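So this one's upload-v7.csv, CSV, C-alpha atoms:
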chain,number,residue,atom,x,y,z
L,1,MET,CA,52.0,41.2,-199.4
L,2,GLU,CA,50.8,39.2,-202.3
L,3,LEU,CA,48.1,41.7,-203.6
L,4,LEU,CA,50.8,44.4,-203.7
L,5,LYS,CA,53.3,42.2,-205.6
L,6,GLU,CA,50.7,41.2,-208.1
L,7,ARG,CA,49.9,44.9,-208.7
L,8,ILE,CA,53.5,45.8,-209.1
L,9,ARG,CA,53.9,43.0,-211.6
L,10,ARG,CA,50.9,44.0,-213.5
L,11,ASP,CA,51.1,47.8,-213.5
L,12,GLY,CA,54.7,48.6,-212.4
L,13,CYS,CA,57.2,49.6,-215.1
L,14,VAL,CA,61.0,49.2,-214.9
L,15,LYS,CA,62.8,52.2,-216.3
L,16,GLU,CA,66.5,53.0,-216.9
L,17,GLY,CA,68.4,54.2,-213.9
L,18,ASN,CA,66.9,51.6,-211.5
L,19,VAL,CA,63.6,53.4,-211.5
L,20,LEU,CA,60.5,51.4,-210.8
L,21,LYS,CA,57.5,53.4,-211.9
L,22,VAL,CA,54.3,52.7,-209.9
L,23,ASP,CA,52.8,56.0,-210.6
L,24,SER,CA,49.5,54.6,-211.8
L,25,PHE,CA,48.6,53.3,-208.3
L,26,LEU,CA,51.0,54.6,-205.7
L,27,ASN,CA,52.8,57.9,-206.1
L,28,HIS,CA,51.1,60.0,-208.7
L,29,GLN,CA,47.7,58.4,-209.2
L,30,MET,CA,46.7,56.6,-206.0
L,31,ASP,CA,44.4,53.5,-205.7
L,32,VAL,CA,42.9,54.2,-202.4
L,33,ALA,CA,41.4,50.7,-202.0
L,34,LEU,CA,45.0,49.4,-202.4
L,35,LEU,CA,46.2,52.0,-199.9
L,36,ASP,CA,43.6,50.7,-197.5
L,37,GLU,CA,44.9,47.2,-197.8
L,38,ILE,CA,48.4,48.4,-197.3
L,39,GLY,CA,47.4,50.2,-194.1
L,40,LYS,CA,45.7,47.1,-192.9
L,41,GLU,CA,48.9,45.1,-193.5
L,42,PHE,CA,51.0,47.6,-191.6
L,43,PHE,CA,48.5,47.3,-188.7
L,44,ARG,CA,48.8,43.5,-188.8
L,45,ARG,CA,52.6,43.9,-188.5
L,46,PHE,CA,52.8,46.8,-186.0
L,47,GLY,CA,49.4,46.8,-184.4
L,48,GLY,CA,50.5,45.4,-181.1
L,49,GLU,CA,53.1,48.0,-180.5
L,50,GLY,CA,51.1,50.8,-179.0
L,51,VAL,CA,51.7,53.2,-181.9
L,52,ASN,CA,50.1,56.6,-181.2
L,53,LYS,CA,51.7,58.6,-184.1
L,54,LEU,CA,52.5,58.0,-187.7
L,55,LEU,CA,55.4,60.0,-189.3
L,56,THR,CA,56.0,60.3,-193.0
L,57,ILE,CA,57.5,62.7,-195.4
L,58,GLU,CA,55.9,64.7,-198.2
L,59,ALA,CA,54.6,64.0,-200.7
L,60,SER,CA,54.0,60.3,-201.6
L,61,GLY,CA,54.1,59.1,-198.0
L,62,ILE,CA,51.1,61.2,-197.0
L,63,GLY,CA,48.3,59.1,-198.7
L,64,ILE,CA,49.8,55.9,-197.4
L,65,ALA,CA,50.1,57.2,-193.8
L,66,VAL,CA,46.6,58.8,-193.8
L,67,MET,CA,44.9,55.6,-194.9
L,68,ALA,CA,47.0,53.5,-192.5
L,69,ALA,CA,46.1,55.8,-189.6
L,70,ARG,CA,42.5,54.6,-189.8
L,71,HIS,CA,43.7,51.2,-188.8
L,72,PHE,CA,45.8,52.6,-186.0
L,73,ASP,CA,42.7,54.0,-184.2
L,74,ASN,CA,43.0,57.3,-186.1
L,75,ALA,CA,46.4,58.1,-184.8
L,76,PRO,CA,47.5,61.5,-185.9
L,77,VAL,CA,49.7,61.6,-189.0
L,78,VAL,CA,52.7,64.1,-189.1
L,79,PHE,CA,54.4,64.7,-192.4
L,80,ALA,CA,57.9,66.1,-192.4
L,81,LYS,CA,58.3,69.0,-194.8
L,82,LYS,CA,61.1,69.4,-197.4
L,83,THR,CA,60.9,73.1,-198.0
L,84,LYS,CA,60.6,76.3,-196.1
L,85,SER,CA,57.1,77.9,-195.9
L,86,LYS,CA,55.6,80.8,-194.1
L,87,ASN,CA,53.4,78.2,-192.5
L,88,LEU,CA,56.3,76.5,-190.8
L,89,ASP,CA,57.7,78.4,-187.9
L,90,GLY,CA,58.3,78.0,-184.2
L,91,GLU,CA,60.7,75.4,-182.9
L,92,LEU,CA,61.7,72.8,-185.5
L,93,TYR,CA,63.5,69.5,-185.7
L,94,THR,CA,65.8,69.7,-188.7
L,95,THR,CA,67.9,67.1,-190.5
L,96,LYS,CA,69.6,66.9,-193.9
L,97,VAL,CA,68.4,64.3,-196.5
L,98,LYS,CA,69.9,63.5,-199.9
L,99,SER,CA,67.3,62.5,-202.5
L,100,PHE,CA,68.2,59.6,-204.8
L,101,THR,CA,65.5,60.3,-207.3
L,102,LYS,CA,65.9,64.1,-207.4
L,103,GLY,CA,69.7,64.3,-207.0
L,104,VAL,CA,69.6,67.1,-204.4
L,105,GLU,CA,70.2,67.6,-200.7
L,106,TYR,CA,67.5,69.3,-198.7
L,107,ASP,CA,66.4,70.1,-195.2
L,108,VAL,CA,63.6,68.0,-193.7
L,109,GLN,CA,61.7,69.6,-190.8
L,110,VAL,CA,59.1,68.8,-188.2
L,111,ALA,CA,57.6,71.2,-185.7
L,112,LYS,CA,58.7,70.2,-182.3
L,113,ARG,CA,55.2,70.5,-180.9
L,114,PHE,CA,54.2,67.4,-182.9
L,115,LEU,CA,56.7,64.9,-181.5
L,116,ALA,CA,57.0,64.3,-177.7
L,117,PRO,CA,59.0,61.8,-175.6
L,118,THR,CA,55.7,60.1,-174.7
L,119,ASP,CA,55.1,59.2,-178.4
L,120,ARG,CA,55.4,55.8,-179.9
L,121,VAL,CA,56.1,56.5,-183.6
L,122,LEU,CA,55.8,54.4,-186.7
L,123,ILE,CA,57.5,55.8,-189.7
L,124,LEU,CA,55.8,55.0,-193.1
L,125,ASP,CA,57.0,55.7,-196.6
L,126,ASP,CA,56.4,54.5,-200.2
L,127,PHE,CA,60.0,53.6,-201.2
L,128,LEU,CA,63.2,52.5,-199.6
L,129,ALA,CA,66.3,52.6,-201.8
L,130,LYS,CA,69.4,54.1,-200.2
L,131,GLY,CA,67.5,54.9,-197.0
L,132,GLN,CA,68.4,58.5,-196.8
L,133,ALA,CA,64.8,59.8,-196.2
L,134,LEU,CA,64.3,57.1,-193.5
L,135,LEU,CA,67.5,57.9,-191.8
L,136,GLY,CA,66.5,61.6,-191.7
L,137,LEU,CA,63.1,60.7,-190.2
L,138,ILE,CA,64.7,58.4,-187.6
L,139,ASP,CA,67.1,61.2,-186.7
L,140,ILE,CA,64.1,63.5,-186.1
L,141,VAL,CA,62.4,60.9,-183.9
L,142,SER,CA,65.6,60.5,-182.0
L,143,GLN,CA,66.0,64.3,-181.5
L,144,SER,CA,62.5,64.4,-180.1
L,145,GLY,CA,63.1,61.7,-177.5
L,146,ALA,CA,60.0,59.8,-178.8
L,147,GLN,CA,60.2,56.0,-179.1
L,148,LEU,CA,60.7,54.6,-182.6
L,149,VAL,CA,58.5,51.5,-183.0
L,150,GLY,CA,59.7,50.8,-186.5
L,151,CYS,CA,59.5,51.6,-190.2
L,152,GLY,CA,56.9,50.4,-192.7
L,153,ILE,CA,57.8,50.6,-196.3
L,154,VAL,CA,55.6,49.8,-199.3
L,155,ILE,CA,58.4,48.9,-201.8
L,156,GLU,CA,62.0,48.2,-200.8
L,157,LYS,CA,64.6,48.0,-203.5
L,158,GLY,CA,66.5,45.1,-202.0
L,159,PHE,CA,69.4,45.5,-204.5
L,160,GLN,CA,70.2,48.9,-203.0
L,161,ASP,CA,71.8,49.2,-199.5
L,162,GLY,CA,69.2,51.1,-197.5
L,163,GLY,CA,67.4,48.1,-196.1
L,164,ALA,CA,70.6,46.3,-195.0
L,165,LEU,CA,71.9,49.5,-193.5
L,166,LEU,CA,68.8,50.1,-191.4
L,167,ARG,CA,68.5,46.5,-190.3
L,168,SER,CA,72.1,46.6,-189.2
L,169,LYS,CA,71.3,49.5,-187.0
L,170,GLY,CA,68.6,47.5,-185.2
L,171,VAL,CA,65.7,49.3,-186.8
L,172,ARG,CA,62.6,47.1,-187.1
L,173,LEU,CA,61.9,47.5,-190.8
L,174,GLU,CA,58.9,45.9,-192.5
L,175,SER,CA,58.7,46.2,-196.3
L,176,LEU,CA,55.6,44.9,-197.9
L,177,ALA,CA,57.4,44.0,-201.2
L,178,ILE,CA,61.1,43.7,-201.6
L,179,VAL,CA,62.4,43.8,-205.1
L,180,ASP,CA,65.7,41.9,-205.4
L,181,LYS,CA,66.1,42.3,-209.1
L,182,MET,CA,64.3,44.1,-211.9
L,183,ASP,CA,65.0,44.5,-215.6
L,184,CYS,CA,63.3,44.3,-218.9
L,185,ASN,CA,62.6,40.6,-218.2
L,186,GLY,CA,60.5,41.4,-215.1
L,187,ILE,CA,60.7,41.8,-211.4
L,188,VAL,CA,62.0,39.3,-208.8
L,189,PHE,CA,60.7,39.7,-205.3
L,190,ARG,CA,62.5,38.4,-202.2
L,191,GLU,CA,60.7,35.5,-200.6
L,192,ALA,CA,59.0,36.4,-197.3
C,1,MET,CA,30.7,72.9,-191.8
C,2,GLU,CA,30.3,73.5,-188.1
C,3,LEU,CA,32.7,70.9,-186.8
C,4,LEU,CA,35.5,72.4,-189.0
C,5,LYS,CA,34.8,75.9,-187.9
C,6,GLU,CA,34.8,74.9,-184.3
C,7,ARG,CA,38.1,73.2,-184.8
C,8,ILE,CA,39.6,76.3,-186.5
C,9,ARG,CA,38.4,78.5,-183.7
C,10,ARG,CA,39.9,76.2,-181.1
C,11,ASP,CA,43.2,75.2,-182.7
C,12,GLY,CA,43.8,77.6,-185.5
C,13,CYS,CA,46.2,80.5,-184.9
C,14,VAL,CA,46.3,83.8,-186.8
C,15,LYS,CA,49.8,84.9,-187.6
C,16,GLU,CA,51.3,88.0,-189.2
C,17,GLY,CA,51.0,88.2,-193.0
C,18,ASN,CA,47.5,86.9,-193.2
C,19,VAL,CA,48.6,83.4,-192.3
C,20,LEU,CA,46.1,81.1,-190.6
C,21,LYS,CA,48.0,78.3,-189.0
C,22,VAL,CA,46.1,75.0,-188.8
C,23,ASP,CA,49.1,72.8,-188.8
C,24,SER,CA,48.0,70.9,-185.7
C,25,PHE,CA,45.2,69.2,-187.5
C,26,LEU,CA,45.3,69.9,-191.3
C,27,ASN,CA,48.6,70.5,-193.0
C,28,HIS,CA,51.5,69.3,-190.9
C,29,GLN,CA,49.9,67.1,-188.3
C,30,MET,CA,46.7,65.7,-189.7
C,31,ASP,CA,43.6,64.6,-187.7
C,32,VAL,CA,42.4,61.7,-189.9
C,33,ALA,CA,39.0,61.5,-188.2
C,34,LEU,CA,38.4,65.2,-189.1
C,35,LEU,CA,39.7,64.5,-192.6
C,36,ASP,CA,37.1,61.7,-192.9
C,37,GLU,CA,34.3,64.1,-191.8
C,38,ILE,CA,35.6,66.6,-194.4
C,39,GLY,CA,35.5,63.9,-197.1
C,40,LYS,CA,31.9,63.0,-196.1
C,41,GLU,CA,30.9,66.7,-196.4
C,42,PHE,CA,32.5,67.0,-199.9
C,43,PHE,CA,30.5,63.9,-200.9
C,44,ARG,CA,27.3,65.4,-199.5
C,45,ARG,CA,27.9,68.4,-201.8
C,46,PHE,CA,29.3,66.7,-204.9
C,47,GLY,CA,28.1,63.2,-204.5
C,48,GLY,CA,25.4,63.4,-207.2
C,49,GLU,CA,27.8,64.6,-209.9
C,50,GLY,CA,29.2,61.3,-211.2
C,51,VAL,CA,32.8,62.2,-210.0
C,52,ASN,CA,35.2,59.5,-211.0
C,53,LYS,CA,38.5,61.2,-210.3
C,54,LEU,CA,39.8,63.4,-207.6
C,55,LEU,CA,42.6,65.8,-208.5
C,56,THR,CA,44.7,67.7,-205.9
C,57,ILE,CA,48.2,69.1,-205.6
C,58,GLU,CA,51.1,68.1,-203.4
C,59,ALA,CA,51.5,68.1,-200.5
C,60,SER,CA,48.7,69.2,-198.1
C,61,GLY,CA,45.9,68.3,-200.5
C,62,ILE,CA,46.9,64.6,-200.6
C,63,GLY,CA,45.6,63.5,-197.2
C,64,ILE,CA,42.3,65.4,-197.8
C,65,ALA,CA,41.8,63.9,-201.3
C,66,VAL,CA,42.7,60.3,-200.2
C,67,MET,CA,40.2,60.4,-197.3
C,68,ALA,CA,37.5,61.9,-199.5
C,69,ALA,CA,38.0,59.3,-202.2
C,70,ARG,CA,36.7,56.6,-199.8
C,71,HIS,CA,33.3,58.4,-199.9
C,72,PHE,CA,33.5,58.7,-203.7
C,73,ASP,CA,33.4,55.0,-204.2
C,74,ASN,CA,37.2,54.8,-204.0
C,75,ALA,CA,37.7,57.0,-207.0
C,76,PRO,CA,41.4,57.3,-207.9
C,77,VAL,CA,43.3,60.3,-206.6
C,78,VAL,CA,45.8,62.1,-208.8
C,79,PHE,CA,48.1,64.6,-207.2
C,80,ALA,CA,49.8,67.2,-209.4
C,81,LYS,CA,53.5,67.5,-208.8
C,82,LYS,CA,55.4,70.7,-208.2
C,83,THR,CA,58.9,69.6,-208.9
C,84,LYS,CA,60.7,67.5,-211.5
C,85,SER,CA,61.6,64.0,-210.6
C,86,LYS,CA,63.1,61.0,-212.4
C,87,ASN,CA,59.8,59.3,-211.7
C,88,LEU,CA,57.9,61.8,-213.8
C,89,ASP,CA,58.3,61.3,-217.4
C,90,GLY,CA,56.2,60.6,-220.5
C,91,GLU,CA,53.7,63.1,-221.8
C,92,LEU,CA,52.8,65.8,-219.2
C,93,TYR,CA,50.2,68.5,-218.8
C,94,THR,CA,52.1,71.5,-217.4
C,95,THR,CA,51.0,74.8,-216.1
C,96,LYS,CA,52.6,77.6,-214.1
C,97,VAL,CA,51.5,78.5,-210.6
C,98,LYS,CA,52.6,81.3,-208.3
C,99,SER,CA,52.7,80.3,-204.6
C,100,PHE,CA,51.4,82.9,-202.1
C,101,THR,CA,52.9,81.2,-199.1
C,102,LYS,CA,56.3,80.4,-200.6
C,103,GLY,CA,56.7,83.5,-202.8
C,104,VAL,CA,57.9,81.5,-205.9
C,105,GLU,CA,56.6,80.4,-209.3
C,106,TYR,CA,56.8,76.8,-210.2
C,107,ASP,CA,55.6,74.3,-212.8
C,108,VAL,CA,52.7,72.0,-211.9
C,109,GLN,CA,52.5,68.8,-213.8
C,110,VAL,CA,50.2,65.8,-214.3
C,111,ALA,CA,51.0,62.8,-216.5
C,112,LYS,CA,48.6,62.8,-219.4
C,113,ARG,CA,47.8,59.1,-218.8
C,114,PHE,CA,45.8,60.0,-215.7
C,115,LEU,CA,43.3,62.5,-217.1
C,116,ALA,CA,41.0,61.6,-220.0
C,117,PRO,CA,38.1,63.4,-221.7
C,118,THR,CA,35.8,60.8,-220.2
C,119,ASP,CA,36.8,61.8,-216.6
C,120,ARG,CA,34.5,63.8,-214.3
C,121,VAL,CA,37.0,65.5,-212.1
C,122,LEU,CA,36.6,67.1,-208.6
C,123,ILE,CA,39.5,69.2,-207.5
C,124,LEU,CA,40.2,69.3,-203.8
C,125,ASP,CA,42.7,71.4,-201.8
C,126,ASP,CA,43.2,72.6,-198.2
C,127,PHE,CA,43.4,76.4,-198.8
C,128,LEU,CA,42.1,78.9,-201.2
C,129,ALA,CA,43.6,82.4,-201.0
C,130,LYS,CA,44.5,84.1,-204.3
C,131,GLY,CA,43.4,80.9,-206.2
C,132,GLN,CA,46.6,80.4,-208.2
C,133,ALA,CA,47.0,76.7,-207.4
C,134,LEU,CA,43.3,76.1,-208.3
C,135,LEU,CA,43.6,78.0,-211.5
C,136,GLY,CA,46.6,75.9,-212.4
C,137,LEU,CA,44.7,72.7,-211.7
C,138,ILE,CA,41.7,73.9,-213.6
C,139,ASP,CA,43.9,74.7,-216.6
C,140,ILE,CA,45.3,71.1,-216.5
C,141,VAL,CA,41.8,69.7,-216.4
C,142,SER,CA,40.9,71.9,-219.3
C,143,GLN,CA,44.0,70.8,-221.3
C,144,SER,CA,43.0,67.2,-220.8
C,145,GLY,CA,39.4,67.6,-222.1
C,146,ALA,CA,38.0,66.1,-218.9
C,147,GLN,CA,34.9,67.6,-217.4
C,148,LEU,CA,35.5,69.8,-214.3
C,149,VAL,CA,32.7,69.1,-211.8
C,150,GLY,CA,33.9,71.7,-209.3
C,151,CYS,CA,36.4,72.5,-206.6
C,152,GLY,CA,36.1,71.6,-202.9
C,153,ILE,CA,38.2,73.7,-200.5
C,154,VAL,CA,38.6,73.1,-196.8
C,155,ILE,CA,39.4,76.7,-195.8
C,156,GLU,CA,38.8,79.7,-198.1
C,157,LYS,CA,40.3,83.1,-197.1
C,158,GLY,CA,37.3,85.1,-198.1
C,159,PHE,CA,39.1,88.4,-197.7
C,160,GLN,CA,41.4,87.5,-200.6
C,161,ASP,CA,40.2,87.5,-204.1
C,162,GLY,CA,40.6,83.8,-205.3
C,163,GLY,CA,37.1,82.7,-204.4
C,164,ALA,CA,35.4,85.7,-206.1
C,165,LEU,CA,37.7,85.2,-209.2
C,166,LEU,CA,36.8,81.5,-209.5
C,167,ARG,CA,33.1,82.0,-209.0
C,168,SER,CA,33.1,84.8,-211.6
C,169,LYS,CA,34.5,82.2,-214.1
C,170,GLY,CA,31.5,80.0,-213.4
C,171,VAL,CA,33.4,77.4,-211.4
C,172,ARG,CA,31.3,75.5,-208.9
C,173,LEU,CA,33.4,76.2,-205.8
C,174,GLU,CA,32.4,74.8,-202.4
C,175,SER,CA,34.4,75.9,-199.4
C,176,LEU,CA,33.7,74.2,-196.1
C,177,ALA,CA,34.8,77.3,-194.0
C,178,ILE,CA,35.1,80.8,-195.4
C,179,VAL,CA,37.1,83.2,-193.2
C,180,ASP,CA,36.0,86.7,-193.9
C,181,LYS,CA,38.1,88.4,-191.3
C,182,MET,CA,40.9,87.3,-188.9
C,183,ASP,CA,43.0,89.1,-186.4
C,184,CYS,CA,44.2,88.9,-182.8
C,185,ASN,CA,40.6,89.2,-181.7
C,186,GLY,CA,39.5,86.1,-183.5
C,187,ILE,CA,38.1,84.7,-186.7
C,188,VAL,CA,34.9,85.7,-188.4
C,189,PHE,CA,33.4,83.1,-190.7
C,190,ARG,CA,31.0,83.9,-193.6
C,191,GLU,CA,27.5,82.7,-192.9
C,192,ALA,CA,26.4,79.7,-195.0
Let me see the structure of the file written as structure tokens.
Amino acid sequence: MELLKERIRRDGCVKEGNVLKVDSFLNHQMDVALLDEIGKEFFRRFGGEGVNKLLTIEASGIGIAVMAARHFDNAPVVFAKKTKSKNLDGELYTTKVKSFTKGVEYDVQVAKRFLAPTDRVLILDDFLAKGQALLGLIDIVSQSGAQLVGCGIVIEKGFQDGGALLRSKGVRLESLAIVDKMDCNGIVFREA
Amino acid sequence: MELLKERIRRDGCVKEGNVLKVDSFLNHQMDVALLDEIGKEFFRRFGGEGVNKLLTIEASGIGIAVMAARHFDNAPVVFAKKTKSKNLDGELYTTKVKSFTKGVEYDVQVAKRFLAPTDRVLILDDFLAKGQALLGLIDIVSQSGAQLVGCGIVIEKGFQDGGALLRSKGVRLESLAIVDKMDCNGIVFREA
């Protein structure tokens, strides 16, 4: 997605530890016009698949999924939760996820009521690096018996192994920008 | 907001400990068509105030703020973060917030780059109970020197003291549904 790559080139910032900061438009401050274009692009790629539910994980995935949902005929968005809350009870799907950016392992949970075997689920998230969060969400979809249509990612770090791992499992993975290399000289995107 | 009240009556669920579960449409699964109507209503109330930035707090506020932003001429949405991350560095505004639902105190942070004295900020969130999260966000706006236009809340628990506290401080607070009483017999909303 050219518009996204241009934006990453212009406003993204490469930091030590393989961190690509895009917090001015994607995951701290959010440019909602860009999110809308991102949602439109996900629909272009997955629109023919009968998606009736979008699944993401708090927090940065939520804005992306909500704006995308408008293009998927206002399909409900479910966001998986990372921490226990009084508001989360009843029957839950649970899986363990290791966070690359935060260096901790945590439980990810979705209330069973919100995923059914009749659902056709598209998983959306902002970043893919080692793929742990996506594997967790895929595990939850699998526990529910729902059909996984695929995964839509805004930025994939192609130099880490999450993308290859997921594709080798047969998951339909669509990343709108794949960064193959990044350093102080700039960012190299994979050719589409 | 009648549509919202009807939805709370129909799909909300009162649980022990003053918990109002609205997770089927607001804060776990999200009905984006309803979020869009909520955004429209916030614009009806605050649209004349020159708002150029929406501020919320992860996670449940994000979907609400992103959908609302479309009505505020695609104003950027900034969401305050509750946990440390490698992605959050540079100069930060920090404040302490006590969570009513999770029973913990945590730091809330916003990168200084995303709030400036020239900003006219509308704070949005899903719930108001004791008002701790809102007070934290207001403190951050105040630290930044930006102008606080007001706070828009989807559901205020009118039987807790957050709303009264904020109004007594002169904050313009607009809650789309105020629950004055809730128990096994139903929910009583405050008259507009």
Any idea what's packed within 12 Å of C:Val188, counting all atoms listed in the file, ignoring anything in its chain fewer than 5 positions away? Could you give it as JSON, numbers by chain?
{"C": [5, 6, 8, 9, 14, 157, 158, 159, 177, 178, 179, 180, 181, 182, 183]}
Residue subset to file, keeping C-alpha atoms, as a compact mmCIF listing (two decimals), in the coordinates of the input:
# COMPACT_ATOMS: atom_id res chain seq x y z
CA LYS C 5 34.80 75.90 -187.90
CA GLU C 6 34.80 74.90 -184.30
CA ILE C 8 39.60 76.30 -186.50
CA ARG C 9 38.40 78.50 -183.70
CA VAL C 14 46.30 83.80 -186.80
CA LYS C 157 40.30 83.10 -197.10
CA GLY C 158 37.30 85.10 -198.10
CA PHE C 159 39.10 88.40 -197.70
CA ALA C 177 34.80 77.30 -194.00
CA ILE C 178 35.10 80.80 -195.40
CA VAL C 179 37.10 83.20 -193.20
CA ASP C 180 36.00 86.70 -193.90
CA LYS C 181 38.10 88.40 -191.30
CA MET C 182 40.90 87.30 -188.90
CA ASP C 183 43.00 89.10 -186.40
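The list of residues with at least one atom within 12 Å of C:Val171, based on all atoms listed in the file and without residues fewer than 2 positions apart in the same chain, reads Leu122, Ile123, Gly131, Leu134, Leu135, Ile138, Gln147, Leu148, Val149, Gly150, Cys151, Gly152, Gly162, Gly163, Ala164, Leu165, Leu166, Arg167, Ser168, Lys169, Leu173 and Glu174 of chain C.
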What does the file look like for those residues with C-alpha atoms, as a PDB file, in the coordinates of the input?
ATOM      1  CA  LEU C 122      36.600  67.100-208.600  1.00  0.00           C
ATOM      2  CA  ILE C 123      39.500  69.200-207.500  1.00  0.00           C
ATOM      3  CA  GLY C 131      43.400  80.900-206.200  1.00  0.00           C
ATOM      4  CA  LEU C 134      43.300  76.100-208.300  1.00  0.00           C
ATOM      5  CA  LEU C 135      43.600  78.000-211.500  1.00  0.00           C
ATOM      6  CA  ILE C 138      41.700  73.900-213.600  1.00  0.00           C
ATOM      7  CA  GLN C 147      34.900  67.600-217.400  1.00  0.00           C
ATOM      8  CA  LEU C 148      35.500  69.800-214.300  1.00  0.00           C
ATOM      9  CA  VAL C 149      32.700  69.100-211.800  1.00  0.00           C
ATOM     10  CA  GLY C 150      33.900  71.700-209.300  1.00  0.00           C
ATOM     11  CA  CYS C 151      36.400  72.500-206.600  1.00  0.00           C
ATOM     12  CA  GLY C 152      36.100  71.600-202.900  1.00  0.00           C
ATOM     13  CA  GLY C 162      40.600  83.800-205.300  1.00  0.00           C
ATOM     14  CA  GLY C 163      37.100  82.700-204.400  1.00  0.00           C
ATOM     15  CA  ALA C 164      35.400  85.700-206.100  1.00  0.00           C
ATOM     16  CA  LEU C 165      37.700  85.200-209.200  1.00  0.00           C
ATOM     17  CA  LEU C 166      36.800  81.500-209.500  1.00  0.00           C
ATOM     18  CA  ARG C 167      33.100  82.000-209.000  1.00  0.00           C
ATOM     19  CA  SER C 168      33.100  84.800-211.600  1.00  0.00           C
ATOM     20  CA  LYS C 169      34.500  82.200-214.100  1.00  0.00           C
ATOM     21  CA  LEU C 173      33.400  76.200-205.800  1.00  0.00           C
ATOM     22  CA  GLU C 174      32.400  74.800-202.400  1.00  0.00           C
TER      23      GLU C 174
END
Using only C-alpha atoms, find each residue in chain L having at least one atom no more than 7 Å away from chain C; report its shortest atom-to-atom pair and that distance in Å (one decimal), rows by chain then rising number, as CSV.
residue,atom,partner,partner_atom,distance
L:Lys21,CA,C:Asn87,CA,6.3
L:His28,CA,C:Phe79,CA,5.7
L:Gln29,CA,C:Val78,CA,4.2
L:Met30,CA,C:Val77,CA,5.1
L:Asp31,CA,C:Pro76,CA,5.3
L:Val32,CA,C:Asn74,CA,6.0
L:Ala33,CA,C:Asn74,CA,6.2
L:Glu58,CA,C:Ala59,CA,6.0
L:Ala59,CA,C:Ala59,CA,5.1
L:Ile62,CA,C:Gly63,CA,6.0
L:Gly63,CA,C:Gly63,CA,5.4
L:Val66,CA,C:Gly63,CA,5.9
L:Ala69,CA,C:Val32,CA,7.0
L:Asn74,CA,C:Val32,CA,5.8
L:Pro76,CA,C:Asp31,CA,5.3
L:Val77,CA,C:Met30,CA,5.1
L:Val78,CA,C:Gln29,CA,4.2
L:Phe79,CA,C:His28,CA,5.6
L:Ser85,CA,C:Lys102,CA,5.4
L:Lys86,CA,C:Thr101,CA,5.7
L:Asn87,CA,C:Lys21,CA,6.4
L:Thr101,CA,C:Lys86,CA,5.7
L:Lys102,CA,C:Ser85,CA,5.4
L:Phe114,CA,C:Gln29,CA,6.9
Using all atoms listed in the file, which residue out of C:Leu3, C:Cys13, C:Val121, C:Val97 lies closest to C:Gly50?
C:Val121
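Straight-line separation from atom CA of L:Phe43 to atom CA of L:Thr118: 20.3 Å.
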Using all atoms listed in the file, find the one residue out of C:Lys96, C:His71, C:Leu137, C:Ser144 that sits nearest to C:Pro117.
C:Ser144
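Shortest separation to C:Ala133 among C:Glu91, C:Arg172, C:Ser99, C:Asn18 occurs at residue C:Ser99, atoms counted being all atoms listed in the file.
Between L:Ile140 and the candidates L:Ala116, L:Ile155, L:Cys184, L:Thr95, the tightest atom-to-atom separation, counting all atoms listed in the file, involves L:Thr95.
Going from atom CA of L:Gln109 over to atom CA of C:Gly136, you cover 27.1 Å.
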Please produce stretch 24-33 of chain L, completed to N, CA and C atoms, as an mmCIF file, in the frame of the given file.
data_model
loop_
_atom_site.group_PDB
_atom_site.id
_atom_site.type_symbol
_atom_site.label_atom_id
_atom_site.label_comp_id
_atom_site.auth_asym_id
_atom_site.auth_seq_id
_atom_site.Cartn_x
_atom_site.Cartn_y
_atom_site.Cartn_z
ATOM 1 N N SER L 24 50.924 54.723 -211.498
ATOM 2 C CA SER L 24 49.500 54.600 -211.800
ATOM 3 C C SER L 24 48.684 54.168 -210.607
ATOM 4 N N PHE L 25 49.361 53.741 -209.512
ATOM 5 C CA PHE L 25 48.600 53.300 -208.300
ATOM 6 C C PHE L 25 49.161 53.794 -207.004
ATOM 7 N N LEU L 26 50.408 54.275 -206.986
ATOM 8 C CA LEU L 26 51.000 54.600 -205.700
ATOM 9 C C LEU L 26 51.482 55.995 -205.470
ATOM 10 N N ASN L 27 52.169 56.588 -206.432
ATOM 11 C CA ASN L 27 52.800 57.900 -206.100
ATOM 12 C C ASN L 27 52.560 59.007 -207.147
ATOM 13 N N HIS L 28 51.508 58.883 -207.924
ATOM 14 C CA HIS L 28 51.100 60.000 -208.700
ATOM 15 C C HIS L 28 49.552 59.927 -208.823
ATOM 16 N N GLN L 29 49.091 58.822 -209.410
ATOM 17 C CA GLN L 29 47.700 58.400 -209.200
ATOM 18 C C GLN L 29 47.708 57.387 -208.073
ATOM 19 N N MET L 30 46.727 57.479 -207.186
ATOM 20 C CA MET L 30 46.700 56.600 -206.000
ATOM 21 C C MET L 30 45.416 55.763 -206.010
ATOM 22 N N ASP L 31 45.579 54.452 -205.884
ATOM 23 C CA ASP L 31 44.400 53.500 -205.700
ATOM 24 C C ASP L 31 44.148 53.445 -204.242
ATOM 25 N N VAL L 32 43.098 54.113 -203.804
ATOM 26 C CA VAL L 32 42.900 54.200 -202.400
ATOM 27 C C VAL L 32 42.399 52.898 -201.742
ATOM 28 N N ALA L 33 41.787 52.030 -202.540
ATOM 29 C CA ALA L 33 41.400 50.700 -202.000
ATOM 30 C C ALA L 33 42.687 49.911 -201.723
#
